[in-house]
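Structure data (CSV, C-alpha atoms) from upload.csv:
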chain,number,residue,atom,x,y,z
A,1,MET,CA,132.5,109.3,59.4
A,2,ASN,CA,129.4,108.9,61.6
A,3,ALA,CA,126.0,107.3,61.0
A,4,ASP,CA,124.5,110.5,59.7
A,5,ASP,CA,127.0,110.5,56.8
A,6,LEU,CA,126.2,107.0,55.6
A,7,PRO,CA,123.1,107.6,53.5
A,8,ARG,CA,124.8,110.5,51.7
A,9,ALA,CA,128.0,108.7,51.1
A,10,GLY,CA,126.3,105.8,49.3
A,11,SER,CA,128.3,102.8,48.1
A,12,ALA,CA,131.5,104.8,48.6
A,13,ALA,CA,130.9,104.9,52.3
A,14,ARG,CA,130.6,101.1,52.5
A,15,SER,CA,133.7,100.6,50.3
A,16,GLU,CA,135.7,103.0,52.5
A,17,ALA,CA,134.5,101.4,55.7
A,18,GLU,CA,135.2,97.9,54.5
A,19,GLU,CA,138.7,99.0,53.4
A,20,LEU,CA,139.4,100.6,56.8
A,21,LEU,CA,138.0,97.6,58.6
A,22,SER,CA,140.2,95.2,56.7
A,23,ALA,CA,143.3,97.3,56.8
A,24,PRO,CA,146.3,95.7,58.5
A,25,ALA,CA,146.7,96.8,62.1
A,26,GLU,CA,149.9,98.1,63.7
A,27,TRP,CA,149.6,95.2,66.0
A,28,ASP,CA,147.4,92.1,65.8
A,29,LEU,CA,144.6,92.2,68.4
A,30,PRO,CA,143.9,88.9,70.1
A,31,ARG,CA,140.9,87.0,68.7
A,32,ASN,CA,138.8,87.3,71.8
A,33,ARG,CA,139.2,91.0,72.2
A,34,HIS,CA,136.9,92.2,69.4
A,35,LEU,CA,133.4,93.6,70.4
A,36,HIS,CA,130.2,94.0,68.5
A,37,HIS,CA,130.9,97.6,67.3
A,38,LYS,CA,132.3,96.6,63.9
A,39,ASP,CA,129.3,94.3,63.2
A,40,VAL,CA,127.0,97.1,64.4
A,41,LEU,CA,128.6,99.6,62.1
A,42,MET,CA,128.6,97.4,59.0
A,43,ARG,CA,125.1,96.3,59.6
A,44,ARG,CA,124.0,99.9,60.0
A,45,ILE,CA,125.6,100.8,56.7
A,46,ASP,CA,123.8,97.8,55.1
A,47,GLN,CA,120.5,99.1,56.5
A,48,ASP,CA,121.0,102.7,55.4
A,49,LEU,CA,121.9,101.7,51.9
A,50,ASN,CA,119.4,98.9,51.6
A,51,PRO,CA,116.1,99.4,53.5
A,52,ALA,CA,115.1,95.8,52.8
A,53,ALA,CA,118.1,94.8,55.0
A,54,ARG,CA,116.3,96.2,58.0
A,55,THR,CA,114.0,93.2,58.1
A,56,ALA,CA,116.2,90.6,56.4
A,57,ALA,CA,118.3,88.2,58.4
A,58,ALA,CA,121.7,89.5,59.0
A,59,PRO,CA,124.4,87.7,57.0
A,60,PRO,CA,126.6,85.4,59.0
A,61,ARG,CA,129.8,87.1,60.2
A,62,ARG,CA,132.6,86.0,62.4
A,63,LYS,CA,131.3,85.7,65.9
A,64,LEU,CA,132.3,88.8,68.0
A,65,LEU,CA,132.4,88.9,71.7
A,66,LEU,CA,129.3,90.8,72.9
A,67,ARG,CA,130.5,92.3,76.1
A,68,ALA,CA,129.4,95.9,76.2
A,69,ALA,CA,131.7,98.7,77.4
A,70,VAL,CA,131.2,98.5,81.1
A,71,LEU,CA,130.8,94.8,81.1
A,72,LEU,CA,134.3,94.4,79.7
A,73,PRO,CA,136.3,96.3,82.2
A,74,ALA,CA,139.5,94.8,81.2
A,75,ALA,CA,141.1,94.3,77.8
A,76,SER,CA,138.1,94.6,75.5
A,77,PHE,CA,138.3,96.2,72.1
A,78,ALA,CA,135.7,97.7,69.8
A,79,LEU,CA,136.3,98.0,66.0
A,80,ALA,CA,134.3,100.7,64.3
A,81,GLY,CA,135.3,102.4,61.0
A,82,ALA,CA,138.9,103.4,61.3
A,83,LEU,CA,138.8,103.4,65.0
A,84,VAL,CA,140.4,100.9,67.3
A,85,VAL,CA,138.6,101.4,70.6
A,86,THR,CA,139.5,99.9,73.9
A,87,LEU,CA,136.7,99.6,76.4
A,88,SER,CA,138.9,99.4,79.4
A,89,GLY,CA,141.7,101.3,81.3
A,90,GLY,CA,142.0,104.6,83.1
A,91,GLY,CA,143.1,108.1,82.2
A,92,GLY,CA,145.6,110.5,83.8
A,93,SER,CA,148.4,109.2,86.1
A,94,THR,CA,151.6,107.4,85.2
A,95,PRO,CA,151.5,103.8,83.9
A,96,GLY,CA,152.6,102.4,87.3
A,97,ALA,CA,154.2,99.3,85.9
A,98,ALA,CA,154.0,96.3,88.2
A,99,THR,CA,157.2,94.7,89.5
A,100,GLY,CA,158.2,91.6,91.4
A,101,SER,CA,157.7,88.0,90.6
A,102,ALA,CA,156.2,87.2,94.0
A,103,GLY,CA,153.0,89.1,93.4
A,104,THR,CA,154.2,92.4,94.9
A,105,ALA,CA,154.8,95.9,93.5
A,106,LYS,CA,157.1,98.4,95.1
A,107,GLY,CA,155.4,99.7,98.2
A,108,GLY,CA,152.5,97.3,97.7
A,109,ALA,CA,151.1,94.3,99.5
A,110,SER,CA,151.1,90.8,98.0
A,111,ALA,CA,148.4,90.2,95.4
A,112,SER,CA,146.9,87.3,97.3
A,113,VAL,CA,146.5,89.4,100.4
A,114,THR,CA,145.0,92.3,98.5
A,115,LEU,CA,142.6,90.1,96.6
A,116,GLY,CA,141.7,88.4,99.8
A,117,ARG,CA,140.7,91.8,101.2
A,118,ILE,CA,138.8,92.7,98.1
A,119,ALA,CA,137.0,89.3,98.3
A,120,ALA,CA,136.1,89.9,101.9
A,121,ALA,CA,134.7,93.4,101.0
A,122,ALA,CA,132.7,91.8,98.2
A,123,MET,CA,131.0,89.4,100.7
A,124,GLU,CA,129.7,92.4,102.6
A,125,THR,CA,128.0,93.8,99.5
A,126,GLY,CA,124.5,92.3,99.2
A,127,THR,CA,122.6,92.1,95.9
A,128,SER,CA,119.0,91.3,95.3
A,129,PRO,CA,118.3,88.5,92.8
A,130,VAL,CA,117.7,89.7,89.2
A,131,LYS,CA,114.7,88.4,87.4
A,132,ASP,CA,115.0,86.8,83.9
A,133,GLY,CA,112.9,89.6,82.3
A,134,GLN,CA,114.9,92.4,83.8
A,135,LEU,CA,118.0,94.1,82.5
A,136,VAL,CA,121.3,95.2,84.1
A,137,TYR,CA,122.1,98.9,83.4
A,138,VAL,CA,125.6,100.2,83.7
A,139,ARG,CA,126.9,103.7,83.0
A,140,THR,CA,130.6,104.1,82.3
A,141,LEU,CA,133.0,106.9,81.4
A,142,LEU,CA,135.5,105.9,78.7
A,143,ARG,CA,138.6,107.2,76.9
A,144,ALA,CA,139.4,105.1,73.9
A,145,ASN,CA,142.1,104.8,71.2
A,146,LYS,CA,140.8,106.6,68.1
A,147,GLY,CA,144.0,106.2,66.1
A,148,THR,CA,143.9,104.6,62.7
A,149,PHE,CA,144.9,101.0,62.3
A,150,GLU,CA,148.3,101.9,60.8
A,151,GLY,CA,149.0,104.8,63.1
A,152,PRO,CA,150.1,105.3,66.7
A,153,VAL,CA,147.7,105.2,69.7
A,154,LYS,CA,145.7,108.4,70.0
A,155,LEU,CA,143.4,108.6,73.0
A,156,GLY,CA,140.0,110.2,72.2
A,157,ALA,CA,137.9,112.4,74.4
A,158,LEU,CA,136.3,111.2,77.6
A,159,HIS,CA,132.7,110.1,76.9
A,160,GLN,CA,129.8,108.2,78.4
A,161,SER,CA,128.6,104.7,77.6
A,162,GLU,CA,125.4,103.2,78.9
A,163,SER,CA,124.4,99.5,78.4
A,164,TRP,CA,121.3,97.5,79.1
A,165,THR,CA,122.1,93.8,79.2
A,166,VAL,CA,119.4,91.1,78.8
A,167,GLN,CA,119.2,88.6,81.7
A,168,ASN,CA,117.1,86.0,80.0
A,169,PRO,CA,119.2,82.7,80.3
A,170,ALA,CA,117.6,81.3,77.1
A,171,PRO,CA,119.4,81.7,73.8
A,172,VAL,CA,118.9,85.2,72.4
A,173,LYS,CA,120.0,87.1,69.3
A,174,THR,CA,120.0,90.5,70.9
A,175,ALA,CA,122.1,90.5,74.1
A,176,GLY,CA,121.3,94.0,75.0
A,177,TRP,CA,121.6,97.6,73.9
A,178,LEU,CA,124.3,100.2,74.0
A,179,ARG,CA,124.2,104.0,73.9
A,180,GLU,CA,127.2,106.4,73.9
A,181,THR,CA,127.2,110.1,74.2
A,182,GLY,CA,129.9,112.8,73.9
A,183,LYS,CA,132.8,113.6,71.6
A,184,ASP,CA,134.4,110.5,70.1
A,185,ALA,CA,131.5,108.3,71.1
A,186,ILE,CA,130.4,105.5,68.7
A,187,MET,CA,127.2,106.6,67.0
A,188,PRO,CA,126.5,109.3,69.6
A,189,GLY,CA,123.1,109.4,71.1
A,190,GLU,CA,121.8,106.3,69.3
A,191,THR,CA,120.7,103.2,71.2
A,192,VAL,CA,122.1,100.3,69.1
A,193,PRO,CA,121.4,96.6,69.7
A,194,ILE,CA,124.2,94.3,70.8
A,195,GLU,CA,123.6,91.6,68.2
A,196,GLU,CA,124.9,88.0,68.3
A,197,GLY,CA,126.2,86.8,65.0
A,198,GLY,CA,124.9,83.5,63.8
A,199,ALA,CA,122.7,81.4,66.1
A,200,PRO,CA,121.1,82.7,69.3
A,201,VAL,CA,123.5,82.5,72.3
A,202,PRO,CA,122.5,81.1,75.7
A,203,ALA,CA,123.8,82.5,79.0
A,204,GLY,CA,127.4,81.6,79.7
A,205,PHE,CA,130.9,83.0,79.7
A,206,ASP,CA,130.3,85.0,76.5
A,207,ARG,CA,126.9,86.2,77.8
A,208,PRO,CA,126.9,86.1,81.6
A,209,THR,CA,123.6,86.7,83.3
A,210,TYR,CA,122.8,87.0,87.0
A,211,LYS,CA,121.3,83.5,87.1
A,212,TRP,CA,124.3,82.0,85.2
A,213,LEU,CA,126.8,83.8,87.4
A,214,ALA,CA,125.0,82.5,90.5
A,215,SER,CA,125.4,79.0,89.2
A,216,LEU,CA,129.2,79.2,89.2
A,217,PRO,CA,131.2,77.4,91.9
A,218,THR,CA,131.9,79.5,95.0
A,219,ASP,CA,134.9,77.4,95.9
A,220,PRO,CA,137.9,79.4,94.4
A,221,ALA,CA,139.8,76.3,93.3
A,222,ALA,CA,136.8,74.7,91.6
A,223,LEU,CA,136.0,78.0,89.9
A,224,LEU,CA,139.5,78.5,88.6
A,225,ARG,CA,139.5,74.9,87.2
A,226,LEU,CA,136.3,75.7,85.3
A,227,ILE,CA,137.8,79.0,84.0
A,228,TYR,CA,141.0,77.2,82.8
A,229,SER,CA,138.8,74.6,81.1
A,230,ARG,CA,137.0,77.3,79.1
A,231,THR,CA,140.1,79.2,78.1
A,232,LYS,CA,143.4,78.5,76.4
A,233,GLY,CA,146.6,80.3,75.5
A,234,ASP,CA,147.8,81.1,72.0
A,235,GLU,CA,150.5,83.1,70.4
A,236,THR,CA,149.1,86.3,71.9
A,237,GLU,CA,148.8,85.2,75.6
A,238,SER,CA,149.6,82.3,77.9
A,239,HIS,CA,146.9,80.1,79.4
A,240,ASP,CA,147.3,81.9,82.7
A,241,GLN,CA,146.8,85.2,81.1
A,242,ALA,CA,143.7,84.0,79.3
A,243,ALA,CA,142.2,82.9,82.6
A,244,PHE,CA,143.1,86.3,84.2
A,245,SER,CA,141.5,88.1,81.3
A,246,LYS,CA,138.4,85.9,81.5
A,247,ILE,CA,137.9,86.9,85.1
A,248,GLY,CA,138.4,90.5,84.2
A,249,GLU,CA,135.6,90.3,81.7
A,250,LEU,CA,133.2,89.3,84.5
A,251,LEU,CA,134.1,92.1,86.9
A,252,GLY,CA,131.5,94.8,87.1
A,253,ASP,CA,128.6,92.4,86.5
A,254,VAL,CA,125.8,92.1,89.0
A,255,MET,CA,126.1,88.8,90.8
A,256,PRO,CA,125.6,87.3,94.3
A,257,ALA,CA,128.3,88.3,96.8
A,258,ALA,CA,129.7,84.8,97.2
A,259,ASN,CA,130.3,84.5,93.5
A,260,ASN,CA,131.9,87.9,93.3
A,261,ALA,CA,134.2,87.0,96.2
A,262,ALA,CA,135.1,83.7,94.6
A,263,LEU,CA,136.3,85.4,91.4
A,264,TYR,CA,138.8,87.5,93.3
A,265,LYS,CA,140.0,84.5,95.3
A,266,ALA,CA,140.4,82.5,92.1
A,267,ALA,CA,142.4,85.4,90.5
A,268,ALA,CA,144.7,85.3,93.5
A,269,ARG,CA,145.7,81.7,92.6
A,270,ILE,CA,146.9,82.7,89.1
A,271,PRO,CA,150.7,83.0,88.9
A,272,GLY,CA,152.2,86.4,88.1
A,273,VAL,CA,149.4,88.6,89.5
A,274,VAL,CA,150.8,91.7,91.1
A,275,VAL,CA,149.6,94.9,92.9
A,276,ILE,CA,150.0,98.5,91.9
A,277,PRO,CA,149.7,100.8,94.9
A,278,ASP,CA,148.2,103.8,93.0
A,279,VAL,CA,146.2,103.8,89.7
A,280,VAL,CA,143.7,106.3,88.4
A,281,ASP,CA,140.4,105.5,86.6
A,282,ALA,CA,138.7,107.5,83.8
A,283,ALA,CA,136.9,109.6,86.4
A,284,GLY,CA,140.1,110.6,88.1
A,285,ARG,CA,139.6,108.4,91.2
A,286,HIS,CA,142.7,106.9,92.7
A,287,GLY,CA,142.6,103.3,93.6
A,288,ILE,CA,144.6,100.1,94.0
A,289,GLY,CA,145.5,98.2,90.8
A,290,ILE,CA,145.6,94.5,90.2
A,291,THR,CA,147.5,93.4,87.0
A,292,ARG,CA,149.4,90.5,85.5
A,293,GLU,CA,152.7,90.6,83.6
A,294,ASP,CA,152.7,88.1,80.7
A,295,PRO,CA,155.7,87.9,78.4
A,296,ARG,CA,153.6,86.6,75.6
A,297,SER,CA,150.8,89.1,75.8
A,298,TRP,CA,150.7,92.4,73.9
A,299,ILE,CA,148.2,93.8,76.3
A,300,ARG,CA,148.5,94.5,80.0
A,301,ASP,CA,145.2,95.1,81.9
A,302,VAL,CA,144.9,96.8,85.3
A,303,TRP,CA,141.8,96.3,87.4
A,304,ILE,CA,141.2,99.3,89.7
A,305,PHE,CA,139.6,99.1,93.2
A,306,ASP,CA,138.7,101.9,95.7
A,307,LYS,CA,141.4,102.3,98.3
A,308,HIS,CA,138.8,102.5,101.1
A,309,ASP,CA,135.9,100.2,100.5
A,310,LEU,CA,137.7,98.1,97.8
A,311,THR,CA,134.8,98.3,95.3
A,312,TYR,CA,135.5,97.9,91.7
A,313,LEU,CA,136.1,101.3,90.0
A,314,GLY,CA,137.2,100.6,86.4
A,315,ALA,CA,140.3,99.5,84.5
A,316,ARG,CA,143.2,100.6,82.4
A,317,SER,CA,144.8,98.8,79.4
A,318,TYR,CA,148.3,99.2,77.9
A,319,ILE,CA,150.0,98.1,74.7
A,320,THR,CA,153.3,96.4,75.6
A,321,LYS,CA,154.8,95.3,72.3
A,322,ASP,CA,155.2,96.8,68.8
A,323,LYS,CA,154.2,95.3,65.5
A,324,LYS,CA,157.5,93.4,65.4
A,325,LYS,CA,156.6,91.8,68.7
A,326,GLU,CA,159.4,93.6,70.4
A,327,PRO,CA,158.9,95.1,73.9
A,328,ARG,CA,158.0,98.8,73.7
A,329,PRO,CA,157.6,101.5,76.4
A,330,THR,CA,154.2,100.9,78.0
A,331,THR,CA,151.6,102.9,76.1
A,332,LEU,CA,148.2,103.6,77.6
A,333,LEU,CA,145.5,102.2,75.3
A,334,GLY,CA,142.3,103.1,77.1
A,335,VAL,CA,140.6,103.8,80.4
A,336,SER,CA,137.2,103.3,82.0
A,337,ALA,CA,135.3,104.1,85.1
A,338,VAL,CA,132.1,102.5,86.2
A,339,MET,CA,129.9,105.3,87.5
A,340,GLU,CA,126.5,103.6,88.0
A,341,ARG,CA,125.0,100.1,88.1
A,342,ALA,CA,121.4,99.1,88.6
A,343,VAL,CA,118.7,96.6,87.7
A,344,VAL,CA,115.9,98.0,85.6
A,345,ASP,CA,112.7,96.6,84.0
A,346,HIS,CA,112.9,98.1,80.5
A,347,ARG,CA,115.4,99.1,77.8
A,348,GLY,CA,116.1,102.8,78.3
A,349,ASP,CA,115.3,102.8,82.0
A,350,THR,CA,117.9,104.5,84.2
A,351,PRO,CA,118.1,104.5,88.0
A,352,GLY,CA,115.3,106.8,89.3
A,353,LYS,CA,113.8,107.3,85.8
A,354,ALA,CA,111.7,104.6,84.2
A,355,ASN,CA,111.0,105.0,80.5
A,356,GLY,CA,108.9,101.9,80.0
Just give me the structure as structure tokens.
Amino acid sequence: MNADDLPRAGSAARSEAEELLSAPAEWDLPRNRHLHHKDVLMRRIDQDLNPAARTAAAPPRRKLLLRAAVLLPAASFALAGALVVTLSGGGGSTPGAATGSAGTAKGGASASVTLGRIAAAAMETGTSPVKDGQLVYVRTLLRANKGTFEGPVKLGALHQSESWTVQNPAPVKTAGWLRETGKDAIMPGETVPIEEGGAPVPAGFDRPTYKWLASLPTDPAALLRLIYSRTKGDETESHDQAAFSKIGELLGDVMPAANNAALYKAAARIPGVVVIPDVVDAAGRHGIGITREDPRSWIRDVWIFDKHDLTYLGARSYITKDKKKEPRPTTLLGVSAVMERAVVDHRGDTPGKANG
């Protein structure tokens, strides 16, 4: 079902969507992995069936993490209709499971050495400060799981996602806008707001802006202590894995070089991080993978970096357990590739083409 079907479907559409959205999943997704898409879809149904809802305040819903597709390169999921969509991972190539408890995969260097090299490369990448009134534009290629909640993983077609993220550090209700195009895209061709549920949200870990990222410690030890203080483990992942995932959520953001480098150096200090010598992103580009094996986690994320200049390319995500919490053969859940990143002045602007 797509957005065009909703007015014709009437109340039946909403009932069906609600049933699908509340259906039991084959596996329980961690609480912090849900994106805004479910809320966007349900709100769009509300608006199509009740025009008055367009101006009425949105009813309070469970707060969903608002990281748009490319801003959540690792382990980020969108729920929309019967789809379970991962916004991270890479397509084509074998899973490339990491091995070794000392941070080394077969044929690969240690994770601390590799992340040190990535950090050094990041220090050479200069960025101009981003103004509060500007937006960060990111264009990503994605393949996402389109299987039903109760069925097996079924990767959808490769499609494009564009996001415009608000940089205002003050609390906001609309964190940005998202537009997907191509087969299996969410609401293809429509620019939809990334709405915060409940009260406006200031800049921070759940809504990182350039100015907020620039305020983070550049000392890796201090930064890692801060990340650990803002994360915690649960039945779905250890505290170490939660910290690793939190760093992964920040990759791909526009930030000062020193802060970018500090994130990689902080990740190198987390136990269990390993290197995969060859991983492929959604655009078919081969790179070096950084991942972490966590016995408690149901998801394994792989960050992908260019083999030559060590820039961030994208990510892959895998399901590693079945619904009975038993280990299962690694199953690719989704893939992404960051194709373009820029700072723009208006929503809808793209590099080289201002639409303001």
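Interatomic distance, atom CA of A:Ala258 to atom CA of A:Ser336: 25.1 Å.
Between atom CA of A:Thr191 and atom CA of A:Thr140 the separation is 14.9 Å.
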Open item on the list: Using Å and a single decimal, report how far atom CA of A:Gln241 sits from atom CA of A:Glu293.
Closed with: 8.4 Å
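Using all atoms listed in the file, the shortest contact distance between A:Asn260 and any of A:Gly314, A:Pro220, A:Pro200, A:Gly189 is found at A:Pro220.
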Open item on the list: If we draw a sphere of 10 Å around (136.1, 89.8, 100.7), which residues have at least one atom in it when counting all atoms listed in the file? Please report them as a PyMOL selection string.
Closed with: chain A and resi 114-125+257-258+260-262+264-265+310
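Distances from A:Val275, A:Ala144, A:Ala203, A:Met255 to A:Ala342 were compared using all atoms listed in the file, and the smallest one belongs to A:Met255.
Residues within 6 Å of A:Trp303, counting all atoms listed in the file and excluding same-chain residues fewer than 5 positions away, are Gly289, Ile290 and Ala315 of chain A.
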Mind dumping the selected residues with C-alpha atoms as an mmCIF file, in the coordinates of the input?
data_model
loop_
_atom_site.group_PDB
_atom_site.id
_atom_site.type_symbol
_atom_site.label_atom_id
_atom_site.label_comp_id
_atom_site.auth_asym_id
_atom_site.auth_seq_id
_atom_site.Cartn_x
_atom_site.Cartn_y
_atom_site.Cartn_z
ATOM 1 C CA GLY A 289 145.500 98.200 90.800
ATOM 2 C CA ILE A 290 145.600 94.500 90.200
ATOM 3 C CA ALA A 315 140.300 99.500 84.500
#
Open item on the list: Given only C-alpha atoms as the basis, pick out the residue of A:Ser297, A:Ala222, A:Glu196, A:His346 nearest to A:Ser245.
Closed with: A:Ser297
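Distances from A:Arg347, A:Phe305, A:Thr209, A:Pro152 to A:Gly176 were compared using only C-alpha atoms, and the smallest one belongs to A:Arg347.
The shortest atom-to-atom distance to A:Thr174, with all atoms listed in the file taken into account, belongs to A:Val201 out of A:Val136, A:Ser215, A:Val201, A:Arg230.
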